[in-house]
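A.B. asks: Before anything else, here's the structure in question.
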There are 2 protein chains.
Amino acid sequence: MIPCPISDSLSPFDCLPAANGAVIDGLDYFIVENTRSARRFLAKCHISRKIDDLEFVELNEHTVAGAAVEAMIRPLLAGRSAGVISEAGVPGVADPGALVVEVCHRHGIKVVPLVGPSSILLAMMASGLNGQSFAFNGYLPIKPAERAKALKTLERRAKVEHQSQLFIEAPYRNVKLAEQILEVCAADTRLVIACDITSPEEYISMKSVAEWRRVSLPDIAKRPTIFIIG
Amino acid sequence: MIPCPISDSLSPFDCLPAANGAVIDGLDYFIVENTRSARRFLAKCHISRKIDDLEFVELNEHTVAGAAVEAMIRPLLAGRSAGVISEAGVPGVADPGALVVEVCHRHGIKVVPLVGPSSILLAMMASGLNGQSFAFNGYLPIKPAERAKALKTLERRAKVEHQSQLFIEAPYRNVKLAEQILEVCAADTRLVIACDITSPEEYISMKSVAEWRRVSLPDIAKRPTIFIIG
């Protein structure tokens with residue numbers, strides 16, 4: 001499980017341990033969310049093999065569990081190793097990578113996670129909200145009424161269980177989501193907006209909903225953002 | 001927010017980006033969970049300052065929110081920077097570090113999370129369980145009856161909401177917890193046992209409860225372990 005940067009502004013080893021390079025260098029087979037971005041990442045890692053000599057197979061949101069994923073791990077049953085690479089950040093979290101990991105465990109193939117950037121974890125570390133109990137909920141429903149209901153449910157869980165609640169949105173809908181949070185949530189609910197993590201434009205701020213209502217929202221349009229309520 | 005290794009067998013930069021070193025090198029004030037382990041970590045980082053010239057203040061499970069934490073950030077209000085270091089892994093997650101981050105946000109002090117190893121995130125990456133929705137629940141209750149109830153609640157949430165449920169135990173109680181999971185949970189519930197992550201003894205395996213009942217449990221006594229059900 002090979003993490004890659006989450007910000008284009010960073011070279012791989014600005015945010016990855018150098019030791020990951022040696023692991024990557026030993027591989028010639030990659031199961032990737034997006035071939036083009038994986039090739040670009042590997043080129044930036046200055047691996048010793050030629051990129052064109054490497055084999056890539058795509059595992060993305062269109063991949064259906066079953067025969068296609070079983071086929072991906074066939075080389076592993078014969079003793080070869082594979083690197084799993086997500087489009088950004090760590091594979092297996094908030095991406096479809098878990099599909100191939102599940103099949104590996106079923107066949108007794110060893111799975112090794114390498115250290116790298118996760119916007120979920122980094123946002124949580126810098127949030128100031130309870131890090132002893134937290135949940136990542138992925139995307140909320142798109143329809144405003146359903147989304148309002150989901151926000152109220154997460155807010156209730158955050159209060160009753162003291163569990164910080166993380167979620168994301170397609171970046172072009174970030175502003176609408178932030179506005180709805182300020183509309184729907186209680187004045188004393190705390191909201192963290194964590195934006196462009198690990199980039200030079202990184203912005204992480206925690207305020208109560210009442211305080212957010214008083215200030216203008218940061219410019220989060222089209223910027224990758226993690227929202228946390230607690 | 002400065003991560004440190006989670007396994008004693010690793011040098012810091014085996015599992016941390018080299019760029020973290022430059023950040024650490026620029027600091028002379030540290031808010032730490034444990035002074036002795038923080039000093040040992042900084043010594044292994046080969047920082048340019050003398051360890052004895054650095055200032056340390058402890059923030060641990062005995063620290064009460066309020067005046068003590070406000071005092072820790074007083075130097076920051078005067079323009080100094082501080083590094084926050086946990087006993088192992090990333091600060092602010094599964095440790096008391098969030099207390100000081102919360103106060104920083106309240107005073108408009110910038111909080112920057114650095115990349116490093118989190119056994120929670122690494123276990124999740126390598127679990128094969130749903131990584132699009134997952135929750136870290138910290139410690140379960142100690143009393144067997146209450147713990148059985150908590151396990152049933154987490155199992156229900158894992159099934160109904162498709163949310164992977166992570167939890168931990170004091171290492172010397174790991175075996176008791178694993179045995180109780182096999183007793184209490186349904187045969188088709190999947191259990192991941194992730195042990196000694198990032199160390200040479202790393203062990204990560206996912207099986208259904210039915211399968212775990214057929215094999216003998218791995219030796220997890222006194223080894224740091226993440227449990228996930230899904």
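Chains: A, B, ... in order of the structure tokens. Residues: from 1 per chain. Ligands: from 1, in order shown.
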Which residues of chain A come within 6 Å of chain B, and for each one, what is the closest pair of atoms and their distance in Å to one decimal, counting only C-alpha atoms, sorted by chain and residue number, as a Markdown table?
C.D. replies:
```
| residue | atom | partner | partner_atom | distance |
| --- | --- | --- | --- | --- |
| A:Asp14 | CA | B:Ala19 | CA | 5.5 |
| A:Cys15 | CA | B:Pro17 | CA | 5.3 |
| A:Leu16 | CA | B:Pro17 | CA | 4.8 |
| A:Pro17 | CA | B:Pro17 | CA | 4.1 |
| A:Ala19 | CA | B:Asp14 | CA | 5.5 |
| A:Gly92 | CA | B:Met125 | CA | 4.5 |
| A:Val93 | CA | B:Gly131 | CA | 4.2 |
| A:Ala94 | CA | B:Gln132 | CA | 4.3 |
| A:Ala98 | CA | B:Gly128 | CA | 4.4 |
| A:Val101 | CA | B:Gly128 | CA | 4.5 |
| A:Glu102 | CA | B:Gly128 | CA | 4.1 |
| A:His105 | CA | B:Met206 | CA | 5.9 |
| A:Val111 | CA | B:Ala126 | CA | 5.9 |
| A:Pro113 | CA | B:Leu122 | CA | 5.6 |
| A:Val115 | CA | B:Pro117 | CA | 5.5 |
| A:Pro117 | CA | B:Val115 | CA | 5.5 |
| A:Leu122 | CA | B:Pro113 | CA | 5.6 |
| A:Met125 | CA | B:Gly92 | CA | 4.5 |
| A:Ala126 | CA | B:Pro113 | CA | 5.7 |
| A:Gly128 | CA | B:Glu102 | CA | 4.0 |
| A:Gly131 | CA | B:Val93 | CA | 4.2 |
| A:Gln132 | CA | B:Ala94 | CA | 4.3 |
| A:Ser133 | CA | B:Asn137 | CA | 4.7 |
| A:Phe134 | CA | B:Phe136 | CA | 5.4 |
| A:Ala135 | CA | B:Ala135 | CA | 3.9 |
| A:Phe136 | CA | B:Ser133 | CA | 5.4 |
| A:Asn137 | CA | B:Ser133 | CA | 4.8 |
| A:Gly138 | CA | B:Gln132 | CA | 5.6 |
| A:Met206 | CA | B:His105 | CA | 5.9 |
```
A.B. asks: Just N, CA and C atoms for this one: save the residues we selected as a JSON list (two decimals), in the first residue's frame.
C.D. replies:
```json
[["chain", "number", "residue", "atom", "x", "y", "z"],
["A", 14, "ASP", "N", 9.12, 14.95, -0.06],
["A", 14, "ASP", "CA", 8.80, 16.00, 0.91],
["A", 14, "ASP", "C", 7.77, 15.51, 1.92],
["A", 15, "CYS", "N", 6.96, 14.55, 1.50],
["A", 15, "CYS", "CA", 5.89, 14.09, 2.41],
["A", 15, "CYS", "C", 5.87, 12.58, 2.56],
["A", 16, "LEU", "N", 6.89, 11.91, 2.07],
["A", 16, "LEU", "CA", 6.98, 10.45, 2.21],
["A", 16, "LEU", "C", 8.34, 10.08, 2.79],
["A", 17, "PRO", "N", 8.40, 9.04, 3.63],
["A", 17, "PRO", "CA", 9.70, 8.59, 4.13],
["A", 17, "PRO", "C", 10.56, 8.11, 2.96],
["A", 19, "ALA", "N", 12.47, 5.74, 2.89],
["A", 19, "ALA", "CA", 12.46, 4.27, 2.83],
["A", 19, "ALA", "C", 11.38, 3.74, 1.88],
["A", 92, "GLY", "N", -6.56, 2.62, 0.00],
["A", 92, "GLY", "CA", -7.35, 1.79, 0.93],
["A", 92, "GLY", "C", -8.24, 2.60, 1.85],
["A", 93, "VAL", "N", -8.06, 3.92, 1.84],
["A", 93, "VAL", "CA", -8.89, 4.80, 2.67],
["A", 93, "VAL", "C", -9.51, 5.87, 1.75],
["A", 94, "ALA", "N", -10.83, 5.99, 1.77],
["A", 94, "ALA", "CA", -11.53, 6.96, 0.93],
["A", 94, "ALA", "C", -11.18, 6.77, -0.55],
["A", 98, "ALA", "N", -9.53, -0.88, -1.08],
["A", 98, "ALA", "CA", -9.82, -1.96, -0.14],
["A", 98, "ALA", "C", -10.27, -3.23, -0.85],
["A", 101, "VAL", "N", -7.32, -5.41, -1.36],
["A", 101, "VAL", "CA", -6.77, -5.85, -0.07],
["A", 101, "VAL", "C", -7.60, -7.00, 0.49],
["A", 102, "GLU", "N", -8.90, -6.87, 0.35],
["A", 102, "GLU", "CA", -9.82, -7.90, 0.86],
["A", 102, "GLU", "C", -9.49, -9.25, 0.19],
["A", 105, "HIS", "N", -6.21, -10.73, 1.57],
["A", 105, "HIS", "CA", -6.37, -11.40, 2.87],
["A", 105, "HIS", "C", -7.01, -12.78, 2.67],
["A", 111, "VAL", "N", -0.13, -8.04, 3.29],
["A", 111, "VAL", "CA", -0.41, -6.65, 2.91],
["A", 111, "VAL", "C", 0.40, -5.73, 3.83],
["A", 113, "PRO", "N", 1.26, -1.79, 4.79],
["A", 113, "PRO", "CA", 0.92, -0.37, 4.60],
["A", 113, "PRO", "C", 2.15, 0.50, 4.83],
["A", 115, "VAL", "N", 3.89, 4.44, 5.25],
["A", 115, "VAL", "CA", 3.50, 5.74, 5.82],
["A", 115, "VAL", "C", 3.42, 6.80, 4.72],
["A", 117, "PRO", "N", 0.87, 10.68, 3.45],
["A", 117, "PRO", "CA", -0.12, 11.69, 3.85],
["A", 117, "PRO", "C", -1.57, 11.25, 3.62],
["A", 122, "LEU", "N", -4.47, 14.01, 8.82],
["A", 122, "LEU", "CA", -3.80, 15.29, 9.08],
["A", 122, "LEU", "C", -4.81, 16.32, 9.57],
["A", 125, "MET", "N", -5.56, 15.50, 13.20],
["A", 125, "MET", "CA", -4.44, 15.88, 14.08],
["A", 125, "MET", "C", -4.47, 17.37, 14.42],
["A", 126, "ALA", "N", -4.83, 18.19, 13.41],
["A", 126, "ALA", "CA", -4.75, 19.64, 13.57],
["A", 126, "ALA", "C", -6.08, 20.25, 13.93],
["A", 128, "GLY", "N", -8.06, 20.00, 16.81],
["A", 128, "GLY", "CA", -8.39, 20.40, 18.17],
["A", 128, "GLY", "C", -9.66, 19.73, 18.69],
["A", 131, "GLY", "N", -9.80, 13.55, 19.41],
["A", 131, "GLY", "CA", -9.08, 12.60, 18.58],
["A", 131, "GLY", "C", -9.03, 11.22, 19.23],
["A", 132, "GLN", "N", -9.77, 11.06, 20.33],
["A", 132, "GLN", "CA", -9.84, 9.74, 20.99],
["A", 132, "GLN", "C", -11.01, 8.94, 20.41],
["A", 133, "SER", "N", -11.90, 9.64, 19.71],
["A", 133, "SER", "CA", -13.03, 8.97, 19.05],
["A", 133, "SER", "C", -13.43, 9.83, 17.86],
["A", 134, "PHE", "N", -13.35, 9.28, 16.68],
["A", 134, "PHE", "CA", -13.70, 10.05, 15.48],
["A", 134, "PHE", "C", -14.14, 9.12, 14.36],
["A", 135, "ALA", "N", -14.94, 9.66, 13.45],
["A", 135, "ALA", "CA", -15.45, 8.85, 12.34],
["A", 135, "ALA", "C", -15.33, 9.61, 11.03],
["A", 136, "PHE", "N", -14.87, 8.91, 10.01],
["A", 136, "PHE", "CA", -14.87, 9.46, 8.66],
["A", 136, "PHE", "C", -16.09, 8.91, 7.93],
["A", 137, "ASN", "N", -16.93, 9.83, 7.43],
["A", 137, "ASN", "CA", -18.21, 9.43, 6.84],
["A", 137, "ASN", "C", -18.26, 9.56, 5.32],
["A", 138, "GLY", "N", -17.15, 9.88, 4.67],
["A", 138, "GLY", "CA", -17.17, 10.03, 3.21],
["A", 138, "GLY", "C", -18.04, 11.19, 2.77],
["A", 206, "MET", "N", -10.67, 26.05, 13.29],
["A", 206, "MET", "CA", -11.78, 25.52, 14.07],
["A", 206, "MET", "C", -12.47, 26.67, 14.79]]
```
A.B. asks: Identify all residues of region 174-219 of chain A in alpha helix (DSSP H) (DSSP on the backbone) and supply them as a PyMOL selection string.
C.D. replies: chain A and resi 174-184+209-214
A.B. asks: Could you check how far CA of His46 (chain A) sits from CA of Ile6 (chain B), in Å to one decimal?
C.D. replies: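 One can read the CA of His46 (chain A) to CA of Ile6 (chain B) distance as 28.0 Å.
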A.B. asks: Write out as a ChimeraX atom specification each polymer residue whose atoms come within 6 Å of region 169-185 of chain A, counting only C-alpha atoms; drop sequence neighbours fewer than 5 positions from it.
C.D. replies: /A:139,209,221-224
A.B. asks: Skip Arg36 (chain A) itself and residues of its chain fewer than 3 positions away, then list as a ChimeraX atom specification all residues within 12 Å of it, counting only C-alpha atoms.
C.D. replies: /A:32-33,39-43,51-52,56-58,85-87
A.B. asks: Output N, CA and C atoms of each residue in that selection to a file, as a PDB file, in the first residue's frame.
C.D. replies:
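Output below, filename out_29.pdb:
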```pdb
ATOM      1  N   VAL A  32      -3.526   0.430  -9.588  1.00  0.00           N
ATOM      2  CA  VAL A  32      -3.599   1.879  -9.375  1.00  0.00           C
ATOM      3  C   VAL A  32      -4.999   2.416  -9.644  1.00  0.00           C
ATOM      4  N   GLU A  33      -5.321   3.493  -8.973  1.00  0.00           N
ATOM      5  CA  GLU A  33      -6.625   4.113  -9.198  1.00  0.00           C
ATOM      6  C   GLU A  33      -6.640   4.815 -10.561  1.00  0.00           C
ATOM      7  N   ARG A  39       1.813   6.861 -13.003  1.00  0.00           N
ATOM      8  CA  ARG A  39       3.062   6.961 -13.786  1.00  0.00           C
ATOM      9  C   ARG A  39       3.796   8.254 -13.445  1.00  0.00           C
ATOM     10  N   ARG A  40       3.036   9.344 -13.337  1.00  0.00           N
ATOM     11  CA  ARG A  40       3.642  10.639 -13.019  1.00  0.00           C
ATOM     12  C   ARG A  40       4.319  10.578 -11.639  1.00  0.00           C
ATOM     13  N   PHE A  41       3.619   9.984 -10.679  1.00  0.00           N
ATOM     14  CA  PHE A  41       4.181   9.852  -9.326  1.00  0.00           C
ATOM     15  C   PHE A  41       5.474   9.038  -9.368  1.00  0.00           C
ATOM     16  N   LEU A  42       5.453   7.900 -10.056  1.00  0.00           N
ATOM     17  CA  LEU A  42       6.640   7.033 -10.088  1.00  0.00           C
ATOM     18  C   LEU A  42       7.796   7.725 -10.799  1.00  0.00           C
ATOM     19  N   ALA A  43       7.483   8.514 -11.834  1.00  0.00           N
ATOM     20  CA  ALA A  43       8.544   9.259 -12.528  1.00  0.00           C
ATOM     21  C   ALA A  43       9.200  10.246 -11.570  1.00  0.00           C
ATOM     22  N   ILE A  51       9.702   3.520 -16.654  1.00  0.00           N
ATOM     23  CA  ILE A  51       8.256   3.501 -16.410  1.00  0.00           C
ATOM     24  C   ILE A  51       7.548   2.610 -17.439  1.00  0.00           C
ATOM     25  N   ASP A  52       8.030   2.623 -18.692  1.00  0.00           N
ATOM     26  CA  ASP A  52       7.368   1.838 -19.732  1.00  0.00           C
ATOM     27  C   ASP A  52       7.537   0.333 -19.546  1.00  0.00           C
ATOM     28  N   PHE A  56       0.750  -1.880 -15.280  1.00  0.00           N
ATOM     29  CA  PHE A  56      -0.279  -1.193 -14.505  1.00  0.00           C
ATOM     30  C   PHE A  56      -1.638  -1.834 -14.765  1.00  0.00           C
ATOM     31  N   VAL A  57      -2.426  -1.946 -13.693  1.00  0.00           N
ATOM     32  CA  VAL A  57      -3.824  -2.348 -13.887  1.00  0.00           C
ATOM     33  C   VAL A  57      -4.661  -1.399 -13.036  1.00  0.00           C
ATOM     34  N   GLU A  58      -5.796  -0.960 -13.579  1.00  0.00           N
ATOM     35  CA  GLU A  58      -6.586   0.057 -12.871  1.00  0.00           C
ATOM     36  C   GLU A  58      -7.662  -0.550 -11.985  1.00  0.00           C
ATOM     37  N   ILE A  85      -1.564   1.968  -5.547  1.00  0.00           N
ATOM     38  CA  ILE A  85      -1.401   3.420  -5.512  1.00  0.00           C
ATOM     39  C   ILE A  85      -2.736   4.101  -5.801  1.00  0.00           C
ATOM     40  N   SER A  86      -3.092   5.007  -4.923  1.00  0.00           N
ATOM     41  CA  SER A  86      -4.327   5.764  -5.061  1.00  0.00           C
ATOM     42  C   SER A  86      -4.067   7.009  -5.915  1.00  0.00           C
ATOM     43  N   GLU A  87      -5.121   7.723  -6.288  1.00  0.00           N
ATOM     44  CA  GLU A  87      -4.908   8.929  -7.094  1.00  0.00           C
ATOM     45  C   GLU A  87      -4.209  10.010  -6.257  1.00  0.00           C
TER      46      GLU A  87
END
```
A.B. asks: With distances taken over only C-alpha atoms, which of A:Pro218, A:Gly89, A:Gly230, A:Pro141 is nearest to Lys159 (chain A)?
C.D. replies: A:Gly230
